[in-house]
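J.: My questions will all concern the structure given below.
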Amino acid sequence: SGDSTKTDFPMPRGWKPKNVFVDGALYRPGSGEDYIVTYDGFIYTVEMAVAPAVVDVAIMGESA
């Protein structure tokens, strides 16, 4: 869930994000868009450009 301050949403280990929805709207990946994905060698993290309000954040993933 969004809380108006959180911008990073780590995935469970072994999963990578495929689609990101905020309050039902599909977000666009990429620099200059809605979010980017980072990977530290173990965990993928969705980093939002703007912290979502207090709404549902759904990240559909696939096995890495």
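Every chain in the structure tokens has a letter given in the order shown (A, B, ...), and although residue numbers restart at 1 in each chain, ligands are simply numbered from 1 in the order shown.
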Can you tell me, as a list in words, what residues are no more than 10 Å from stretch 21-30 of chain A when counting only C-alpha atoms, ignoring any on the same chain fewer than 2 positions away?

T.: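 Answer for this query is Ser1, Gly2, Lys18, Asn19, Gly32, Glu33, Asp34, Tyr35, Ile36, Val37, Val46, Glu47, Met48, Ala49, Pro52, Ala53, Val54, Val55, Asp56, Val57, Ala58, Ile59 and Met60 of chain A.
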
J.: Can you tell me how far atom CA of A:Asp3 sits from atom CA of A:Phe42, in Å to one decimal?

T.: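 These atoms are spaced 25.4 Å apart.
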
J.: What gap, in Å, lies between atom CA of A:Trp15 and atom CA of A:Gly61?

T.: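 Those two atoms sit 6.0 Å apart.
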
J.: Could you tell me how far atom CA of A:Lys16 sits from atom CA of A:Ser4, in Å to one decimal place?

T.: 23.5 Å

J.: Could you check the closest approach to A:Ala64 for each of A:Ser31, A:Tyr44, A:Pro10, A:Ala51 and tell me which residue wins, using only C-alpha atoms?

T.: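 Residue with the minimum atom-to-atom distance to A:Ala64: A:Tyr44.
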
J.: Taking only chain A into account, list the residues labelled strand (DSSP E or B) by DSSP (computed from the backbone), as a PyMOL selection string.

T.: chain A and resi 8-10+15-22+25-26+29+35-39+44-48+57-63
